[in-house]
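Working notes for the structure below.
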Amino acid sequence: SAFAGVRCSYALVMQTKLAIRLPRRWVEHRPNWVCAMLILSSCCNAGLSIVKLVDPKKVVGVNILTSALYAASRSLLYTGGTTQVIDFVAVAMSVQESTYGRQRIRQAVAREHLLYILPAVHTCVECIPLVNAILAVDRDYNMERVQTISLICFLVGNACCFLIGCTRHVFRAKKMLASFEQSRIALESSYMVGAGGRAMADKFLDPDANGISPMEVPASLQTVINDLHSLEQAQKNVSEHSKKGMQSVIVVVILFMLFAIVPFLWDKTSYLIAVNSVIMPLGFSQECAANYIKSSQKRQDGAFTPLQ
């Protein structure tokens, strides 16, 4: 958690400098919010680990402090992850502005904010252990049946939220890829007409290999060529992003469902919570930090590529 927090802090510094150069206000730059929420999530995770090391008996779902830290960490992680997805979509779709227009792309990105409904629901599920811990303060309260029901709701709820989020992400990626393909066909048709046929079009697409100086490529065609290259990179990034997300989420869904349907594992849920509190945030935070650091460095060099 500490290492992930440090990496996200460095990414936040880099993205803040980038926002100043654009110029753009800090609050208008989505990567800043993503990094900030991941840093806070890492701090909560670190706090949870310290409390558990000091007193292993303070279990999530029984102790209020550990349960609150766990719920806060997950809420920040899910909200940051959703913001990162929206930012990824916005950057990927920005390459279609020449095809659909900036206003239409902005409207499409604005609709993506409905995604925040899922982390809100997921946060409620992650607060179930905190509710249990609060109820456990009353020693006369019969907790056995309530804990069993809440545990099943917690496990099944987590599995459903992850599955819904993954399914939505996969279908959205397919829709984006289909849209990219339509834009690519339209740009290629426009490029063919502007270049004056297939022969010249092929030469201009790779001028170095065909003995043509980049200066000889008409400015109007160079703009279309840049859009085509950006579109191809966006297609690649969306495809890779979708595959990575699906593979990791499937494992998490299987684990939660396995613990939900096997009563023998119910009293070992704390191990699942511990693993899910370390591995998933660490991997996601590391990937986000690496991508934002890489993207800010490329923007400094004058290059622009969609976030991976």
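By convention here, the chains of the structure tokens are called A, B, ... in the order presented, each chain's residues are numbered starting at 1, and ligands are numbered starting at 1 in the order presented.
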
- request: With a distance cut-off of 12 Å and only C-alpha atoms, select the neighbouring residues of Leu40 (chain A), excluding the residue or stretch itself and same-chain residues fewer than 6 positions from it, and output the selection as a PyMOL selection string.
  value: chain A and resi 1-2+4-6+8-9+33-34+46-47+69-70+72-80+281+285

Expected file contents, prior selection, N, CA, C and O atoms, as a compact mmCIF listing (two decimals), in the first residue's frame:
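Output file again23.txt is given in full below:
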```txt
# COMPACT_ATOMS: atom_id res chain seq x y z
N SER A 1 0.83 -1.21 0.00
CA SER A 1 0.00 0.00 0.00
C SER A 1 0.86 1.26 0.00
O SER A 1 0.57 2.23 -0.69
N ALA A 2 1.93 1.22 0.80
CA ALA A 2 2.82 2.39 0.87
C ALA A 2 3.49 2.64 -0.48
O ALA A 2 3.57 3.78 -0.95
N ALA A 4 2.44 1.65 -3.47
CA ALA A 4 1.43 2.11 -4.43
C ALA A 4 1.08 3.57 -4.18
O ALA A 4 0.90 4.35 -5.13
N GLY A 5 1.01 3.96 -2.90
CA GLY A 5 0.72 5.35 -2.56
C GLY A 5 1.80 6.29 -3.04
O GLY A 5 1.51 7.39 -3.53
N VAL A 6 3.07 5.86 -2.91
CA VAL A 6 4.19 6.69 -3.37
C VAL A 6 4.15 6.86 -4.89
O VAL A 6 4.34 7.97 -5.41
N CYS A 8 1.51 6.63 -6.84
CA CYS A 8 0.37 7.48 -7.18
C CYS A 8 0.66 8.94 -6.85
O CYS A 8 0.19 9.84 -7.56
N SER A 9 1.42 9.18 -5.78
CA SER A 9 1.79 10.55 -5.42
C SER A 9 2.67 11.17 -6.50
O SER A 9 2.49 12.34 -6.88
N TRP A 33 -7.86 13.66 -9.86
CA TRP A 33 -8.83 13.06 -8.95
C TRP A 33 -8.57 11.56 -8.78
O TRP A 33 -8.68 11.03 -7.67
N VAL A 34 -8.25 10.90 -9.88
CA VAL A 34 -7.96 9.46 -9.81
C VAL A 34 -6.79 9.20 -8.87
O VAL A 34 -6.88 8.37 -7.94
N ALA A 46 -3.17 1.17 4.43
CA ALA A 46 -2.00 1.12 5.31
C ALA A 46 -2.43 1.21 6.77
O ALA A 46 -1.90 0.49 7.64
N GLY A 47 -3.41 2.09 7.05
CA GLY A 47 -3.92 2.20 8.41
C GLY A 47 -4.55 0.91 8.89
O GLY A 47 -4.36 0.49 10.04
N LEU A 69 -12.17 1.70 8.19
CA LEU A 69 -11.01 1.87 7.30
C LEU A 69 -11.18 1.02 6.04
O LEU A 69 -10.85 1.48 4.93
N TYR A 70 -11.68 -0.19 6.21
CA TYR A 70 -11.90 -1.07 5.05
C TYR A 70 -12.94 -0.47 4.11
O TYR A 70 -12.72 -0.41 2.89
N ALA A 72 -13.90 2.67 3.81
CA ALA A 72 -13.38 3.90 3.20
C ALA A 72 -12.40 3.58 2.08
O ALA A 72 -12.43 4.19 1.00
N SER A 73 -11.54 2.60 2.32
CA SER A 73 -10.55 2.21 1.32
C SER A 73 -11.22 1.70 0.05
O SER A 73 -10.85 2.10 -1.07
N ARG A 74 -12.23 0.86 0.22
CA ARG A 74 -12.90 0.29 -0.95
C ARG A 74 -13.71 1.35 -1.70
O ARG A 74 -13.73 1.38 -2.93
N SER A 75 -14.37 2.23 -0.95
CA SER A 75 -15.16 3.28 -1.58
C SER A 75 -14.28 4.18 -2.44
O SER A 75 -14.62 4.51 -3.58
N LEU A 76 -13.14 4.60 -1.89
CA LEU A 76 -12.21 5.45 -2.63
C LEU A 76 -11.64 4.73 -3.84
O LEU A 76 -11.46 5.33 -4.91
N LEU A 77 -11.35 3.44 -3.67
CA LEU A 77 -10.79 2.66 -4.78
C LEU A 77 -11.80 2.54 -5.92
O LEU A 77 -11.44 2.76 -7.09
N TYR A 78 -13.05 2.22 -5.60
CA TYR A 78 -14.06 2.04 -6.64
C TYR A 78 -14.39 3.36 -7.33
O TYR A 78 -14.56 3.41 -8.56
N THR A 79 -14.47 4.45 -6.56
CA THR A 79 -14.75 5.75 -7.15
C THR A 79 -13.59 6.20 -8.04
O THR A 79 -13.80 6.72 -9.13
N GLY A 80 -12.37 5.99 -7.55
CA GLY A 80 -11.19 6.32 -8.35
C GLY A 80 -11.12 5.48 -9.61
O GLY A 80 -10.77 5.98 -10.69
N PRO A 281 -6.05 -3.65 -4.91
CA PRO A 281 -5.68 -2.22 -4.90
C PRO A 281 -4.24 -1.99 -5.35
O PRO A 281 -3.96 -1.01 -6.05
N SER A 285 -3.69 0.26 -8.56
CA SER A 285 -3.01 1.54 -8.29
C SER A 285 -1.69 1.63 -9.04
O SER A 285 -1.35 2.68 -9.60
```

field: Neighbour list for region 228-233 of chain A as a list in words, cut-off 9 Å, only C-alpha atoms, skip fewer than 3 positions in-chain
entry: Ala92, Met93, Val95, Gln96, Phe180, Glu181, Ser183, Arg184, Leu187, Glu188, Thr223, Val224, Ile225, Lys236, Asn237, Val238, Phe304, Thr305 and Pro306 of chain A

Next, dump the selected residues to file, keeping only N, CA, C and O atoms, as an mmCIF file, in the first residue's frame.
```
data_model
loop_
_atom_site.group_PDB
_atom_site.id
_atom_site.type_symbol
_atom_site.label_atom_id
_atom_site.label_comp_id
_atom_site.auth_asym_id
_atom_site.auth_seq_id
_atom_site.Cartn_x
_atom_site.Cartn_y
_atom_site.Cartn_z
ATOM 1 N N ALA A 92 -9.799 8.117 -25.228
ATOM 2 C CA ALA A 92 -9.918 7.229 -26.391
ATOM 3 C C ALA A 92 -10.869 7.798 -27.442
ATOM 4 O O ALA A 92 -10.598 7.745 -28.644
ATOM 5 N N MET A 93 -11.979 8.378 -26.975
ATOM 6 C CA MET A 93 -12.972 8.902 -27.914
ATOM 7 C C MET A 93 -12.568 10.250 -28.514
ATOM 8 O O MET A 93 -13.134 10.673 -29.530
ATOM 9 N N VAL A 95 -10.109 10.946 -30.208
ATOM 10 C CA VAL A 95 -9.550 10.788 -31.552
ATOM 11 C C VAL A 95 -10.638 10.777 -32.614
ATOM 12 O O VAL A 95 -10.343 10.800 -33.814
ATOM 13 N N GLN A 96 -11.917 10.723 -32.197
ATOM 14 C CA GLN A 96 -13.021 10.703 -33.160
ATOM 15 C C GLN A 96 -13.637 12.075 -33.375
ATOM 16 O O GLN A 96 -14.664 12.198 -34.040
ATOM 17 N N PHE A 180 -14.970 2.975 -33.489
ATOM 18 C CA PHE A 180 -13.638 3.282 -34.019
ATOM 19 C C PHE A 180 -13.485 2.748 -35.438
ATOM 20 O O PHE A 180 -12.881 3.399 -36.301
ATOM 21 N N GLU A 181 -14.019 1.553 -35.671
ATOM 22 C CA GLU A 181 -13.904 0.949 -37.000
ATOM 23 C C GLU A 181 -14.656 1.781 -38.038
ATOM 24 O O GLU A 181 -14.169 1.990 -39.155
ATOM 25 N N SER A 183 -15.211 5.001 -37.830
ATOM 26 C CA SER A 183 -14.432 6.227 -38.018
ATOM 27 C C SER A 183 -13.223 5.960 -38.908
ATOM 28 O O SER A 183 -12.856 6.790 -39.745
ATOM 29 N N ARG A 184 -12.614 4.797 -38.720
ATOM 30 C CA ARG A 184 -11.430 4.447 -39.518
ATOM 31 C C ARG A 184 -11.801 4.328 -40.996
ATOM 32 O O ARG A 184 -11.076 4.822 -41.874
ATOM 33 N N LEU A 187 -12.389 7.824 -42.363
ATOM 34 C CA LEU A 187 -11.128 8.558 -42.539
ATOM 35 C C LEU A 187 -10.328 8.008 -43.714
ATOM 36 O O LEU A 187 -9.723 8.771 -44.475
ATOM 37 N N GLU A 188 -10.327 6.685 -43.883
ATOM 38 C CA GLU A 188 -9.591 6.089 -44.994
ATOM 39 C C GLU A 188 -10.203 6.484 -46.338
ATOM 40 O O GLU A 188 -9.478 6.730 -47.307
ATOM 41 N N THR A 223 -2.859 15.579 -41.495
ATOM 42 C CA THR A 223 -3.845 15.622 -40.405
ATOM 43 C C THR A 223 -4.661 14.339 -40.364
ATOM 44 O O THR A 223 -4.891 13.759 -39.291
ATOM 45 N N VAL A 224 -5.071 13.875 -41.537
ATOM 46 C CA VAL A 224 -5.858 12.637 -41.612
ATOM 47 C C VAL A 224 -5.006 11.439 -41.195
ATOM 48 O O VAL A 224 -5.465 10.531 -40.487
ATOM 49 N N ILE A 225 -3.733 11.438 -41.634
ATOM 50 C CA ILE A 225 -2.812 10.346 -41.271
ATOM 51 C C ILE A 225 -2.633 10.295 -39.752
ATOM 52 O O ILE A 225 -2.658 9.216 -39.143
ATOM 53 N N LYS A 236 -6.258 -0.339 -30.126
ATOM 54 C CA LYS A 236 -5.376 -1.273 -29.435
ATOM 55 C C LYS A 236 -5.492 -1.133 -27.918
ATOM 56 O O LYS A 236 -5.592 -2.130 -27.188
ATOM 57 N N ASN A 237 -5.504 0.107 -27.433
ATOM 58 C CA ASN A 237 -5.566 0.347 -25.998
ATOM 59 C C ASN A 237 -6.889 -0.102 -25.391
ATOM 60 O O ASN A 237 -6.918 -0.681 -24.303
ATOM 61 N N VAL A 238 -7.995 0.177 -26.093
ATOM 62 C CA VAL A 238 -9.309 -0.235 -25.596
ATOM 63 C C VAL A 238 -9.401 -1.759 -25.532
ATOM 64 O O VAL A 238 -9.908 -2.324 -24.562
ATOM 65 N N PHE A 304 1.232 12.505 -28.074
ATOM 66 C CA PHE A 304 -0.033 12.251 -27.410
ATOM 67 C C PHE A 304 -0.529 10.871 -27.798
ATOM 68 O O PHE A 304 -0.656 10.558 -28.960
ATOM 69 N N THR A 305 -0.782 10.075 -26.786
ATOM 70 C CA THR A 305 -1.398 8.763 -27.022
ATOM 71 C C THR A 305 -2.428 8.530 -25.944
ATOM 72 O O THR A 305 -2.272 8.976 -24.824
ATOM 73 N N PRO A 306 -3.511 7.838 -26.257
ATOM 74 C CA PRO A 306 -4.528 7.562 -25.248
ATOM 75 C C PRO A 306 -3.942 6.751 -24.102
ATOM 76 O O PRO A 306 -3.012 5.968 -24.295
#
```

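Every protein or nucleic acid residue with an atom no more than 7 Å from region 123-134 of chain A, counting only C-alpha atoms and leaving out same-chain residues fewer than 6 positions away, appears here: Val60, Gly61, Val62, Asn63, Ile64, Ser67, Ala68, Ala71, Arg74, Ser75, Gln147, Ser150, Phe154, Gly157 and Asn158 of chain A.
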
Can I get the selection written as an mmCIF file, in the first residue's frame, with N, CA and C atoms?
```
data_model
loop_
_atom_site.group_PDB
_atom_site.id
_atom_site.type_symbol
_atom_site.label_atom_id
_atom_site.label_comp_id
_atom_site.auth_asym_id
_atom_site.auth_seq_id
_atom_site.Cartn_x
_atom_site.Cartn_y
_atom_site.Cartn_z
ATOM 1 N N VAL A 60 -12.256 -7.139 10.713
ATOM 2 C CA VAL A 60 -13.246 -6.407 9.921
ATOM 3 C C VAL A 60 -14.606 -7.084 10.103
ATOM 4 N N GLY A 61 -15.618 -6.306 10.447
ATOM 5 C CA GLY A 61 -16.941 -6.858 10.703
ATOM 6 C C GLY A 61 -17.236 -6.998 12.181
ATOM 7 N N VAL A 62 -16.196 -6.868 13.007
ATOM 8 C CA VAL A 62 -16.344 -6.952 14.463
ATOM 9 C C VAL A 62 -15.898 -5.653 15.124
ATOM 10 N N ASN A 63 -14.760 -5.127 14.666
ATOM 11 C CA ASN A 63 -14.219 -3.883 15.200
ATOM 12 C C ASN A 63 -14.629 -2.708 14.309
ATOM 13 N N ILE A 64 -15.085 -1.635 14.927
ATOM 14 C CA ILE A 64 -15.591 -0.488 14.160
ATOM 15 C C ILE A 64 -14.483 0.211 13.386
ATOM 16 N N SER A 67 -13.309 -1.861 10.357
ATOM 17 C CA SER A 67 -14.413 -1.927 9.393
ATOM 18 C C SER A 67 -14.576 -0.602 8.657
ATOM 19 N N ALA A 68 -14.414 0.518 9.390
ATOM 20 C CA ALA A 68 -14.529 1.843 8.772
ATOM 21 C C ALA A 68 -13.382 2.095 7.794
ATOM 22 N N ALA A 71 -14.071 -0.010 4.665
ATOM 23 C CA ALA A 71 -15.132 0.561 3.842
ATOM 24 C C ALA A 71 -14.647 1.821 3.116
ATOM 25 N N ARG A 74 -12.232 0.855 0.217
ATOM 26 C CA ARG A 74 -12.905 0.286 -0.953
ATOM 27 C C ARG A 74 -13.712 1.346 -1.701
ATOM 28 N N SER A 75 -14.375 2.226 -0.949
ATOM 29 C CA SER A 75 -15.164 3.280 -1.582
ATOM 30 C C SER A 75 -14.280 4.185 -2.436
ATOM 31 N N GLN A 147 -25.458 -11.935 11.331
ATOM 32 C CA GLN A 147 -24.126 -12.046 10.730
ATOM 33 C C GLN A 147 -24.122 -13.004 9.554
ATOM 34 N N SER A 150 -25.950 -11.202 6.666
ATOM 35 C CA SER A 150 -25.145 -10.076 6.161
ATOM 36 C C SER A 150 -23.880 -10.560 5.459
ATOM 37 N N PHE A 154 -22.972 -9.734 1.741
ATOM 38 C CA PHE A 154 -21.688 -9.100 1.467
ATOM 39 C C PHE A 154 -20.942 -9.828 0.348
ATOM 40 N N GLY A 157 -23.153 -9.776 -2.943
ATOM 41 C CA GLY A 157 -23.207 -8.392 -3.418
ATOM 42 C C GLY A 157 -21.921 -7.978 -4.098
ATOM 43 N N ASN A 158 -20.784 -8.336 -3.501
ATOM 44 C CA ASN A 158 -19.492 -8.033 -4.114
ATOM 45 C C ASN A 158 -19.344 -8.724 -5.463
#
```

task: Find, counting only C-alpha atoms, the residue in A:Gln84, A:Ser42, A:Asn291, A:Asn226 that gets nearest to Ile279 (chain A).
output: A:Ser42

field: Two-atom distance - CA of Val170 (chain A), CA of Lys244 (chain A) (Å)
entry: 10.5 Å

task: Can you check which residues of region 92-148 of chain A DSSP gives as helix (DSSP H, G or I) on the backbone and send them as an MDAnalysis selection string?
output: chainID A and resid 92:100 102:126 128:135 144:148

message: as a list of chain:residue names, please: the residues near Trp266 (chain A) (cut-off 9 Å, only C-alpha atoms, same-chain neighbours under 5 positions excluded).
response: A:Thr148, A:Leu151, A:Ile152, A:Phe259, A:Ala260, A:Ile261

- prompt: Just how far from CA of Asp87 (chain A) is CA of Pro119 (chain A), in Å to one decimal?
  reply: 15.7 Å
